[in-house]
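K.L.:
target_3.cif is reproduced below (mmCIF, C-alpha atoms).
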```
data_data
loop_
_atom_site.label_atom_id
_atom_site.label_comp_id
_atom_site.auth_asym_id
_atom_site.auth_seq_id
_atom_site.Cartn_x
_atom_site.Cartn_y
_atom_site.Cartn_z
CA MET A 398 -0.35 -18.76 14.12
CA SER A 399 -2.37 -19.98 11.15
CA ASP A 400 -0.87 -21.46 8.00
CA LEU A 401 0.13 -18.48 5.88
CA LEU A 402 0.40 -20.50 2.66
CA TYR A 403 -2.32 -19.89 0.08
CA SER A 404 -5.16 -22.41 0.19
CA GLU A 405 -6.56 -24.07 -2.93
CA GLU A 406 -9.59 -21.80 -2.73
CA GLU A 407 -7.39 -18.71 -2.54
CA GLU A 408 -5.35 -19.83 -5.56
CA ALA A 409 -8.57 -20.49 -7.49
CA LEU A 410 -9.78 -17.00 -6.57
CA ARG A 411 -6.46 -15.54 -7.73
CA ALA A 412 -6.68 -17.34 -11.08
CA ALA A 413 -10.22 -16.08 -11.67
CA VAL A 414 -9.35 -12.47 -10.83
CA ARG A 415 -6.14 -12.55 -12.88
CA ASP A 416 -7.96 -13.98 -15.91
CA LEU A 417 -10.56 -11.23 -15.68
CA LEU A 418 -7.93 -8.50 -15.36
CA THR A 419 -5.89 -9.94 -18.22
CA ASP A 420 -8.96 -9.67 -20.47
CA HIS A 421 -10.37 -6.36 -19.23
CA CYS A 422 -7.58 -4.33 -17.64
CA ASP A 423 -4.73 -4.08 -20.14
CA THR A 424 -2.14 -1.33 -19.84
CA THR A 425 -3.39 0.58 -22.87
CA SER A 426 -6.88 1.00 -21.45
CA VAL A 427 -5.59 1.88 -17.96
CA LEU A 428 -3.31 4.54 -19.47
CA ALA A 429 -6.10 5.91 -21.63
CA ARG A 430 -8.35 6.24 -18.59
CA ALA A 431 -5.58 7.81 -16.51
CA GLU A 432 -5.18 10.51 -19.16
CA SER A 433 -8.90 11.30 -19.09
CA ASP A 434 -11.11 12.99 -16.49
CA ALA A 435 -12.62 9.62 -15.53
CA PRO A 436 -9.83 7.20 -14.54
CA HIS A 437 -12.16 4.66 -12.91
CA ASP A 438 -13.41 1.68 -14.91
CA PRO A 439 -17.10 1.23 -14.00
CA ALA A 440 -17.56 -1.82 -16.25
CA LEU A 441 -14.64 -3.65 -14.61
CA TRP A 442 -15.92 -2.68 -11.16
CA LYS A 443 -19.40 -4.00 -11.98
CA THR A 444 -17.92 -7.33 -13.08
CA LEU A 445 -15.74 -7.62 -9.96
CA ALA A 446 -18.40 -6.46 -7.51
CA ASP A 447 -21.62 -7.77 -9.01
CA GLY A 448 -20.54 -10.55 -11.35
CA MET A 449 -17.92 -12.14 -9.06
CA GLY A 450 -19.32 -10.97 -5.71
CA LEU A 451 -15.96 -9.63 -4.54
CA ALA A 452 -17.27 -6.40 -3.01
CA GLY A 453 -18.91 -8.36 -0.20
CA LEU A 454 -16.02 -10.64 0.79
CA LEU A 455 -15.63 -9.07 4.24
CA VAL A 456 -19.37 -8.88 4.96
CA PRO A 457 -20.99 -11.79 6.87
CA GLU A 458 -23.55 -13.82 4.95
CA ASP A 459 -26.36 -12.84 7.33
CA ARG A 460 -25.67 -9.19 6.42
CA GLY A 461 -25.76 -9.72 2.65
CA GLY A 462 -22.13 -10.53 1.92
CA GLN A 463 -19.95 -13.50 1.02
CA GLY A 464 -18.78 -14.25 4.55
CA ALA A 465 -15.13 -14.66 3.53
CA THR A 466 -12.10 -13.26 5.37
CA HIS A 467 -9.32 -10.75 4.94
CA ARG A 468 -7.15 -13.50 3.49
CA GLU A 469 -9.38 -13.74 0.41
CA ALA A 470 -9.62 -9.95 0.12
CA ALA A 471 -5.81 -9.83 0.27
CA VAL A 472 -5.52 -12.19 -2.70
CA VAL A 473 -7.87 -9.97 -4.70
CA LEU A 474 -5.80 -6.90 -3.78
CA GLU A 475 -2.57 -8.61 -4.85
CA GLU A 476 -4.01 -9.05 -8.33
CA LEU A 477 -5.53 -5.55 -8.44
CA GLY A 478 -2.14 -4.15 -7.41
CA ARG A 479 -0.35 -6.18 -10.06
CA ALA A 480 -2.65 -4.71 -12.73
CA VAL A 481 -2.98 -1.25 -11.09
CA ALA A 482 -6.69 -1.72 -11.74
CA PRO A 483 -8.56 1.62 -11.53
CA VAL A 484 -11.38 0.36 -9.29
CA PRO A 485 -12.39 1.45 -5.76
CA TYR A 486 -11.89 -1.97 -4.16
CA LEU A 487 -9.62 -0.94 -1.29
CA THR A 488 -11.58 2.22 -0.52
CA SER A 489 -15.12 0.79 -0.80
CA ALA A 490 -14.99 -3.00 -0.31
CA VAL A 491 -12.40 -2.79 2.48
CA VAL A 492 -12.19 0.60 4.21
CA ALA A 493 -15.78 1.90 3.90
CA THR A 494 -17.14 -1.62 4.47
CA GLU A 495 -15.08 -2.10 7.65
CA ALA A 496 -16.27 1.27 8.94
CA LEU A 497 -19.90 0.24 8.46
CA LEU A 498 -19.29 -3.15 10.08
CA ALA A 499 -18.38 -1.22 13.24
CA CYS A 500 -21.63 0.80 13.12
CA ALA A 501 -25.00 -0.17 14.55
CA ASP A 502 -27.23 1.59 12.01
CA GLY A 503 -25.60 1.10 8.63
CA GLY A 504 -27.17 -2.23 7.60
CA ASP A 505 -28.89 -0.93 4.47
CA LEU A 506 -25.72 0.85 3.32
CA LEU A 507 -23.62 -2.23 4.02
CA ASP A 508 -25.96 -4.31 1.88
CA GLY A 509 -25.53 -1.86 -0.99
CA LEU A 510 -21.74 -1.92 -0.75
CA ALA A 511 -21.59 -5.72 -0.44
CA SER A 512 -23.75 -6.24 -3.53
CA GLY A 513 -21.84 -3.70 -5.60
CA ARG A 514 -24.95 -1.58 -6.14
CA ALA A 515 -23.26 1.31 -4.34
CA ILE A 516 -19.70 2.56 -3.82
CA GLY A 517 -18.68 3.94 -0.46
CA ALA A 518 -15.77 6.11 0.68
CA LEU A 519 -14.62 6.94 4.18
CA ALA A 520 -14.12 10.72 4.32
CA VAL A 521 -10.72 10.51 6.03
CA GLY A 522 -7.53 11.56 4.22
CA LEU A 523 -5.77 8.66 2.51
CA HIS A 524 -2.53 9.59 4.31
CA THR A 525 -4.04 8.98 7.77
CA ALA A 526 -2.42 6.21 9.81
CA PRO A 527 -4.64 3.89 11.89
CA GLY A 528 -3.70 5.53 15.20
CA ALA A 529 -3.40 9.12 14.01
CA ALA A 530 -5.78 12.01 14.59
CA PHE A 531 -8.26 12.58 11.77
CA ALA A 532 -10.17 15.64 10.66
CA SER A 533 -13.90 16.01 11.21
CA VAL A 534 -16.64 18.41 10.12
CA ARG A 535 -19.00 20.48 12.28
CA ALA A 536 -22.37 18.95 13.06
CA ASP A 537 -25.21 21.40 13.59
CA GLY A 538 -28.59 19.77 14.17
CA GLY A 539 -28.15 17.09 11.52
CA ALA A 540 -26.51 19.45 9.02
CA LEU A 541 -22.79 19.08 8.37
CA HIS A 542 -20.39 21.94 7.62
CA GLY A 543 -16.71 21.80 6.71
CA GLU A 544 -14.02 20.68 4.33
CA LEU A 545 -12.03 17.44 4.12
CA THR A 546 -9.06 16.83 1.84
CA GLY A 547 -7.18 13.89 0.34
CA ILE A 548 -10.23 11.61 0.11
CA ALA A 549 -9.48 8.67 -2.20
CA ASP A 550 -12.04 7.62 -4.82
CA ALA A 551 -14.58 10.20 -3.61
CA ALA A 552 -15.32 11.05 -7.25
CA VAL A 553 -17.10 7.72 -7.81
CA ALA A 554 -18.62 7.23 -4.35
CA ASP A 555 -22.39 7.08 -3.96
CA VAL A 556 -22.21 7.45 -0.18
CA LEU A 557 -19.58 9.18 1.95
CA LEU A 558 -18.98 8.25 5.58
CA VAL A 559 -18.12 11.53 7.28
CA PRO A 560 -16.77 11.91 10.84
CA ALA A 561 -18.24 14.86 12.74
CA ASP A 562 -17.17 16.84 15.81
CA ASP A 563 -20.01 15.38 17.89
CA GLY A 564 -18.33 11.97 17.73
CA GLY A 565 -20.68 10.53 15.14
CA LEU A 566 -20.04 8.97 11.75
CA TYR A 567 -22.56 10.26 9.22
CA ALA A 568 -23.64 8.78 5.90
CA VAL A 569 -23.96 11.53 3.31
CA THR A 570 -25.07 11.00 -0.28
CA ALA A 571 -22.59 12.18 -2.90
CA ASP A 572 -25.00 14.70 -4.42
CA ALA A 573 -25.11 16.59 -1.09
CA VAL A 574 -21.36 17.25 -1.20
CA THR A 575 -19.15 19.30 -3.51
CA VAL A 576 -16.31 17.07 -4.75
CA THR A 577 -13.27 18.92 -6.14
CA PRO A 578 -10.47 16.85 -7.73
CA GLN A 579 -7.00 17.22 -6.23
CA THR A 580 -3.72 16.55 -8.00
CA SER A 581 -2.60 13.00 -7.28
CA LEU A 582 0.66 11.29 -8.18
CA ASP A 583 -1.22 8.03 -8.75
CA LEU A 584 -3.50 8.70 -11.69
CA THR A 585 -5.41 5.44 -11.09
CA ARG A 586 -6.53 6.38 -7.56
CA PRO A 587 -7.67 9.99 -7.67
CA LEU A 588 -8.00 12.17 -4.58
CA ALA A 589 -10.56 14.88 -3.93
CA ARG A 590 -11.52 17.68 -1.57
CA LEU A 591 -15.00 17.45 -0.05
CA THR A 592 -16.93 20.59 0.82
CA LEU A 593 -20.02 20.21 3.01
CA ASP A 594 -22.32 23.22 3.24
CA ALA A 595 -25.26 22.26 5.47
CA ALA A 596 -25.18 18.76 3.97
CA GLN A 597 -27.77 16.44 5.44
CA GLY A 598 -26.36 13.26 6.93
CA ARG A 599 -27.65 10.22 8.79
CA ARG A 600 -25.73 9.14 11.87
CA VAL A 601 -24.83 5.47 11.50
CA GLY A 602 -22.50 5.00 14.47
CA ASP A 603 -19.58 6.35 16.46
CA ALA A 604 -16.71 7.74 14.41
CA GLU A 605 -13.72 6.82 16.59
CA PRO A 606 -14.05 2.98 16.66
CA ALA A 607 -15.34 2.84 13.07
CA VAL A 608 -12.49 4.93 11.64
CA ARG A 609 -9.86 3.05 13.67
CA ARG A 610 -11.16 -0.31 12.48
CA ALA A 611 -11.40 0.85 8.88
CA LEU A 612 -7.91 2.36 8.76
CA ARG A 613 -6.34 -0.69 10.40
CA ALA A 614 -7.90 -2.98 7.79
CA GLY A 615 -6.91 -0.56 5.04
CA ALA A 616 -3.29 -0.45 6.19
CA GLY A 617 -3.08 -4.22 6.63
CA LEU A 618 -4.54 -5.09 3.24
CA LEU A 619 -2.68 -2.27 1.46
CA ALA A 620 0.44 -4.42 2.01
CA SER A 621 -1.08 -7.04 -0.31
CA GLU A 622 -1.66 -4.42 -2.99
CA GLN A 623 1.97 -3.30 -2.57
CA LEU A 624 3.02 -6.96 -2.87
CA GLY A 625 1.20 -7.19 -6.20
CA VAL A 626 2.98 -4.09 -7.49
CA ALA A 627 6.38 -5.42 -6.37
CA GLU A 628 5.81 -8.88 -7.84
CA TRP A 629 4.81 -7.40 -11.21
CA ALA A 630 7.93 -5.22 -11.21
CA LEU A 631 10.22 -8.16 -10.41
CA THR A 632 8.60 -10.58 -12.88
CA GLU A 633 8.53 -8.10 -15.77
CA THR A 634 12.13 -7.02 -15.16
CA VAL A 635 13.42 -10.60 -15.12
CA ARG A 636 11.49 -11.35 -18.32
CA TYR A 637 12.85 -8.25 -20.07
CA LEU A 638 16.46 -8.91 -19.04
CA LYS A 639 16.24 -12.43 -20.42
CA ASP A 640 15.11 -11.10 -23.81
CA ARG A 641 17.24 -7.93 -24.06
CA LYS A 642 20.66 -8.59 -25.56
CA GLN A 643 23.87 -6.61 -25.29
CA PHE A 644 27.29 -7.68 -26.58
CA ASN A 645 25.41 -10.62 -28.12
CA ARG A 646 24.25 -12.07 -24.79
CA PRO A 647 21.18 -11.59 -22.59
CA VAL A 648 21.56 -8.59 -20.28
CA GLY A 649 20.26 -10.72 -17.42
CA GLY A 650 23.38 -12.87 -17.67
CA PHE A 651 25.62 -10.12 -16.29
CA GLN A 652 26.53 -10.86 -12.69
CA ALA A 653 25.93 -7.35 -11.37
CA LEU A 654 22.31 -7.49 -12.53
CA LYS A 655 21.87 -11.02 -11.16
CA HIS A 656 22.88 -9.73 -7.73
CA ARG A 657 20.41 -6.84 -7.89
CA LEU A 658 17.57 -9.14 -8.92
CA ALA A 659 18.44 -11.75 -6.30
CA GLN A 660 18.36 -9.11 -3.57
CA LEU A 661 15.05 -7.78 -4.86
CA TRP A 662 13.59 -11.30 -4.95
CA LEU A 663 14.51 -11.80 -1.29
CA GLU A 664 12.83 -8.54 -0.33
CA VAL A 665 9.65 -9.41 -2.27
CA VAL A 666 9.49 -12.84 -0.60
CA ASN A 667 9.80 -11.17 2.81
CA LEU A 668 7.09 -8.70 1.81
CA ARG A 669 4.80 -11.60 0.90
CA ALA A 670 5.32 -13.10 4.37
CA ALA A 671 4.57 -9.77 6.08
CA ALA A 672 1.49 -9.11 3.94
CA ARG A 673 0.13 -12.62 4.50
CA ALA A 674 0.71 -12.33 8.25
CA ALA A 675 -1.22 -9.03 8.32
CA ALA A 676 -4.15 -10.47 6.33
CA ASP A 677 -4.26 -13.55 8.56
CA ALA A 678 -4.09 -11.43 11.72
CA LEU A 679 -7.02 -9.30 10.50
CA ALA A 680 -8.96 -12.50 9.78
CA THR A 681 -8.25 -14.18 13.14
CA GLY A 682 -7.92 -11.17 15.44
CA GLU A 683 -4.58 -12.41 16.81
CA ASP A 684 -1.75 -9.85 17.23
CA THR A 685 -3.53 -7.69 14.69
CA ASP A 686 -2.01 -4.31 15.54
CA VAL A 687 1.55 -5.66 15.56
CA SER A 688 1.16 -7.66 12.33
CA VAL A 689 -0.44 -4.77 10.44
CA THR A 690 2.22 -2.33 11.66
CA VAL A 691 5.09 -4.68 10.75
CA ALA A 692 3.64 -5.18 7.26
CA GLN A 693 3.31 -1.46 6.61
CA ALA A 694 6.73 -0.64 8.06
CA TYR A 695 8.24 -3.07 5.54
CA ALA A 696 5.96 -2.90 2.50
CA ALA A 697 6.39 0.65 1.20
CA PRO A 698 10.19 0.69 0.78
CA VAL A 699 10.15 -2.69 -0.97
CA ALA A 700 7.35 -1.81 -3.39
CA VAL A 701 8.98 1.53 -4.26
CA ARG A 702 12.42 -0.06 -4.72
CA ALA A 703 11.02 -2.84 -6.90
CA ALA A 704 9.31 -0.32 -9.17
CA GLU A 705 12.42 1.90 -9.28
CA GLU A 706 14.60 -1.09 -10.19
CA ALA A 707 12.13 -2.04 -12.93
CA LEU A 708 12.26 1.49 -14.31
CA GLN A 709 16.08 1.60 -14.30
CA LEU A 710 16.66 -1.91 -15.63
CA HIS A 711 14.26 -1.37 -18.53
CA GLY A 712 16.65 1.39 -19.65
CA GLY A 713 15.35 4.02 -22.04
CA LEU A 714 12.22 1.94 -22.71
CA GLY A 715 11.21 2.23 -19.05
CA MET A 716 11.32 6.03 -19.25
CA THR A 717 8.58 6.20 -21.88
CA TRP A 718 4.98 7.10 -21.08
CA GLU A 719 3.72 4.14 -23.09
CA HIS A 720 5.57 1.57 -20.97
CA PRO A 721 3.48 0.42 -17.98
CA VAL A 722 6.26 0.65 -15.37
CA HIS A 723 5.52 4.28 -14.48
CA LEU A 724 1.96 3.34 -13.46
CA ARG A 725 3.42 0.89 -10.92
CA LEU A 726 6.02 3.35 -9.67
CA LYS A 727 3.37 6.02 -9.10
CA ARG A 728 1.09 3.53 -7.33
CA ALA A 729 3.99 2.36 -5.14
CA MET A 730 4.99 5.95 -4.29
CA ALA A 731 1.40 6.98 -3.48
CA ASP A 732 0.87 3.80 -1.43
CA SER A 733 4.02 4.60 0.55
CA ILE A 734 2.18 7.44 2.31
CA ALA A 735 -1.29 5.85 2.31
CA TYR A 736 -2.59 4.87 5.77
CA GLY A 737 0.64 6.11 7.33
CA THR A 738 4.26 6.18 6.21
CA ALA A 739 6.72 3.38 6.98
CA GLY A 740 8.35 5.69 9.54
CA ALA A 741 5.04 6.33 11.30
CA HIS A 742 4.40 2.59 11.47
CA ARG A 743 7.88 1.92 12.87
CA GLU A 744 7.19 4.48 15.61
CA ALA A 745 3.84 2.83 16.34
CA LEU A 746 5.53 -0.59 16.42
CA ALA A 747 8.09 0.63 18.96
CA ASP A 748 5.22 1.59 21.28
CA LEU A 749 3.34 -1.66 20.69
CA VAL A 750 6.30 -3.86 21.62
CA ASP A 751 7.71 -1.46 24.23
CA LEU A 752 10.96 -0.75 22.41
CA ARG A 753 10.88 3.04 22.33
CA ALA A 754 14.04 5.00 21.66
CA PRO A 755 15.80 6.33 24.80
#
```
Turn this file's structure into structure tokens for me.
P.N.:
Amino acid sequence: MSDLLYSEEEEALRAAVRDLLTDHCDTTSVLARAESDAPHDPALWKTLADGMGLAGLLVPEDRGGQGATHREAAVVLEELGRAVAPVPYLTSAVVATEALLACADGGDLLDGLASGRAIGALAVGLHTAPGAAFASVRADGGALHGELTGIADAAVADVLLVPADDGGLYAVTADAVTVTPQTSLDLTRPLARLTLDAAQGRRVGDAEPAVRRALRAGAGLLASEQLGVAEWALTETVRYLKDRKQFNRPVGGFQALKHRLAQLWLEVVNLRAAARAAADALATGEDTDVSVTVAQAYAAPVAVRAAEEALQLHGGLGMTWEHPVHLRLKRAMADSIAYGTAGAHREALADLVDLRAP
């Protein structure tokens, strides 16, 4: 196994992304966007994708990208998770990009996604696990008919990658599809229903291998986003409990709270190990299915618990709309069913390592 510690280059990348998010993705602006009809931040996305070149991290240099690996993309997602940044990085720069990398005829689209000139979305429900069945539309002589639900970030996508019943994956421009917003718990990652009524699409490859590859990468790197959420929750809670006083002493000095925070710290450290192992496995191709499944089986409960603890330990302050903890709790809860639930991943893991229940 590779060294799972962060390299100097990865730490430098983290510092650059965190500095940018500190300056351009404060809680007030994220909340304001979440309350509007346009939660995405196009200016921030342009800076990340075009200015810093982060949209093309997973794309080889000879295909117009940065030629980096999933390890670097994971570091970016940790920081985006920490800030609950309302940008389509996971859906476009990871999932849609991975789908196109598995296709023979999507070179021009891949170039657009890698450069940040275009945003892509895979038209598969966000809840779909890597090995699960996925919905498709009807293909009729190049025209596509049908409806797909739960598509993340479809509202800002320029191109949608749509699986069809003939086994193909079709690239469809956003203006050829009716996009209807759906209610989403996570206000920073909106979902939508897609309606295709004789929409014209271009076949770019086979749907099955492309969707499988995309969902596996999405699930594996989602763990890094969940790690960012959990680390923010732990750090902010520790900081608050050091400052908050009760009976003339810091609340964090009470032993019962120390125990809760110590247990949470252990779980977050274990989550970091699982997330790093998944990112490294995606980068090297070694034990990828097992590492991704382990990470997702572990990540969701930890991220949700960290956010719930943050909410409770901030007391009445944590219950307010203005405090940023609810954004993290909603992201953690929504992520807990994204790309398969922890239970679904545990079932998949049992099959992978031949430890099925009797």
K.L.:
Name the residues that the PyMOL selection byres ((chain A and resi 603-608) around 9) picks from the file above, as an MDAnalysis selection string, using the file's chain letters and numbers.
P.N.:
chainID A and resid 492:493 495:501 519 521 527 531 559:561 564:567 600:602 609:613
K.L.:
Kindly give the distance, in Å, that separates atom CA of Val553 of chain A and atom CA of Ala596 of chain A, rounded to a single decimal.
P.N.:
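So the answer is 18.1 Å.
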K.L.:
Evaluate the PyMOL selection byres ((chain A and resi 469) around 9) on the structure here and hand back the selected residues as a PDB file with C-alpha atoms, in the frame of the given file.
P.N.:
```
ATOM      1  CA  GLU A 406      -9.590 -21.800  -2.730  1.00  0.00           C
ATOM      2  CA  GLU A 407      -7.390 -18.710  -2.540  1.00  0.00           C
ATOM      3  CA  LEU A 410      -9.780 -17.000  -6.570  1.00  0.00           C
ATOM      4  CA  ARG A 411      -6.460 -15.540  -7.730  1.00  0.00           C
ATOM      5  CA  LEU A 454     -16.020 -10.640   0.790  1.00  0.00           C
ATOM      6  CA  LEU A 455     -15.630  -9.070   4.240  1.00  0.00           C
ATOM      7  CA  ALA A 465     -15.130 -14.660   3.530  1.00  0.00           C
ATOM      8  CA  THR A 466     -12.100 -13.260   5.370  1.00  0.00           C
ATOM      9  CA  HIS A 467      -9.320 -10.750   4.940  1.00  0.00           C
ATOM     10  CA  ARG A 468      -7.150 -13.500   3.490  1.00  0.00           C
ATOM     11  CA  ALA A 470      -9.620  -9.950   0.120  1.00  0.00           C
ATOM     12  CA  ALA A 471      -5.810  -9.830   0.270  1.00  0.00           C
ATOM     13  CA  VAL A 472      -5.520 -12.190  -2.700  1.00  0.00           C
ATOM     14  CA  VAL A 473      -7.870  -9.970  -4.700  1.00  0.00           C
ATOM     15  CA  LEU A 474      -5.800  -6.900  -3.780  1.00  0.00           C
ATOM     16  CA  ALA A 676      -4.150 -10.470   6.330  1.00  0.00           C
TER      17      ALA A 676
END
```
K.L.:
Would you mind reading off the distance between atom CA of Ala413 of chain A and atom CA of Asp508 of chain A, one decimal, in Å?
P.N.:
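Calculated distance between atom CA of Ala413 of chain A and atom CA of Asp508 of chain A is 23.9 Å.
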K.L.:
Apply the PyMOL selection byres ((chain A and resi 682-697) around 6) to the displayed file and report the matching residues as an NGL selection string.
P.N.:
:A and (617 or 620 or 668 or 671-672 or 675 or 678-681 or 698-700 or 733 or 739 or 742-743)
K.L.:
Looking at A:Ala573, A:Val722, A:Leu746, A:Leu523, which one is nearest to Ile548 of chain A, with distances taken over only C-alpha atoms?
P.N.:
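Looking at the shortest contact to Ile548 of chain A, the residue is A:Leu523.
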K.L.:
Rounded to one decimal in Å, what is the spacing between atom CA of Ser581 of chain A and atom CA of Ala552 of chain A?
P.N.:
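Answer for the atom CA of Ser581 of chain A to atom CA of Ala552 of chain A separation: 12.9 Å.
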K.L.:
From the list A:Leu663, A:Ala670, A:Leu724, A:Leu752, which residue is nearest Trp629 of chain A when using all atoms listed in the file?
P.N.:
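So, comparing all the options, the nearest one is A:Leu724.
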K.L.:
Rank A:Met730, A:Leu445, A:Val427, A:Ala554 by their smallest atom-to-atom distance to Ala518 of chain A, using all atoms listed in the file, and report the top residue only.
P.N.:
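Checking each candidate against Ala518 of chain A, we get A:Ala554 as the closest.
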K.L.:
With segment 435-439 of chain A as the partner and 12 Å as the cut-off, tabulate the residues of segment 555-601 of chain A that qualify, each row holding the nearest pair of atoms and their distance in Å to one decimal, using all atoms listed in the file, sorted by chain and rising number, as CSV.
P.N.:
```
residue,atom,partner,partner_atom,distance
A:Pro578,CA,A:Ala435,CA,10.9
A:Ser581,CA,A:Pro436,CA,11.8
A:Asp583,CA,A:Pro436,CA,10.4
A:Leu584,CA,A:Pro436,CA,7.1
A:Thr585,CA,A:Pro436,CA,5.9
A:Arg586,CA,A:Pro436,CA,7.8
A:Pro587,CA,A:Pro436,CA,7.7
A:Leu588,CA,A:Pro436,CA,11.3
```
K.L.:
Hey, which of A:Leu661, A:Leu402, A:Leu591, A:Ala747 ends up closest to Asp550 of chain A? Count all atoms listed in the file.
P.N.:
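The answer is A:Leu591, which sits nearest to Asp550 of chain A.
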K.L.:
Pick from A:Lys443, A:Leu631, A:Gly740, A:Asp562: nearest to Leu708 of chain A, with all atoms listed in the file counted?
P.N.:
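That would be A:Leu631, the residue with the smallest distance to Leu708 of chain A.
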K.L.:
Which of these residues is nearest to Val481 of chain A, using only C-alpha atoms: A:Ala511, A:Leu401, A:Val750, A:Val626?
P.N.:
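Under the stated criterion, the closest residue is A:Val626.
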K.L.:
Please determine an axis-aligned box that encloses all atoms of segment 559-569 of chain A listed in the file, with 5 Å added on each side, and express its centre and edge lengths in Å to one decimal as JSON.
P.N.:
```
{"center_x": -20.4, "center_y": 12.8, "center_z": 10.6, "size_x": 17.2, "size_y": 18.1, "size_z": 24.6}
```
K.L.:
Give me segment 459-464 of chain A with all heavy atoms filled in, as a compact mmCIF listing (two decimals), in the frame of the given file.
P.N.:
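What landed in result_30.txt:
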```txt
# COMPACT_ATOMS: atom_id res chain seq x y z
N ASP A 459 -25.06 -13.28 6.79
CA ASP A 459 -26.36 -12.84 7.33
C ASP A 459 -26.56 -11.33 7.18
O ASP A 459 -27.63 -10.82 7.50
CB ASP A 459 -26.50 -13.25 8.79
CG ASP A 459 -25.42 -12.66 9.69
OD1 ASP A 459 -24.58 -11.89 9.18
OD2 ASP A 459 -25.41 -12.97 10.90
N ARG A 460 -25.53 -10.63 6.67
CA ARG A 460 -25.67 -9.19 6.42
C ARG A 460 -25.54 -8.89 4.93
O ARG A 460 -25.27 -7.76 4.53
CB ARG A 460 -24.64 -8.41 7.22
CG ARG A 460 -24.78 -8.61 8.73
CD ARG A 460 -23.87 -7.73 9.55
NE ARG A 460 -24.27 -6.33 9.53
CZ ARG A 460 -23.68 -5.38 10.25
NH1 ARG A 460 -22.66 -5.68 11.03
NH2 ARG A 460 -24.08 -4.13 10.17
N GLY A 461 -25.70 -9.92 4.09
CA GLY A 461 -25.76 -9.72 2.65
C GLY A 461 -24.47 -9.90 1.90
O GLY A 461 -24.40 -9.60 0.70
N GLY A 462 -23.41 -10.39 2.58
CA GLY A 462 -22.13 -10.53 1.92
C GLY A 462 -21.74 -11.97 1.65
O GLY A 462 -22.57 -12.88 1.71
N GLN A 463 -20.46 -12.18 1.37
CA GLN A 463 -19.95 -13.50 1.02
C GLN A 463 -19.45 -14.28 2.24
O GLN A 463 -19.21 -15.48 2.15
CB GLN A 463 -18.80 -13.37 0.01
CG GLN A 463 -19.15 -12.60 -1.25
CD GLN A 463 -20.26 -13.27 -2.03
OE1 GLN A 463 -20.30 -14.48 -2.14
NE2 GLN A 463 -21.17 -12.46 -2.57
N GLY A 464 -19.22 -13.57 3.35
CA GLY A 464 -18.78 -14.25 4.55
C GLY A 464 -17.37 -14.82 4.46
O GLY A 464 -17.06 -15.81 5.11
```
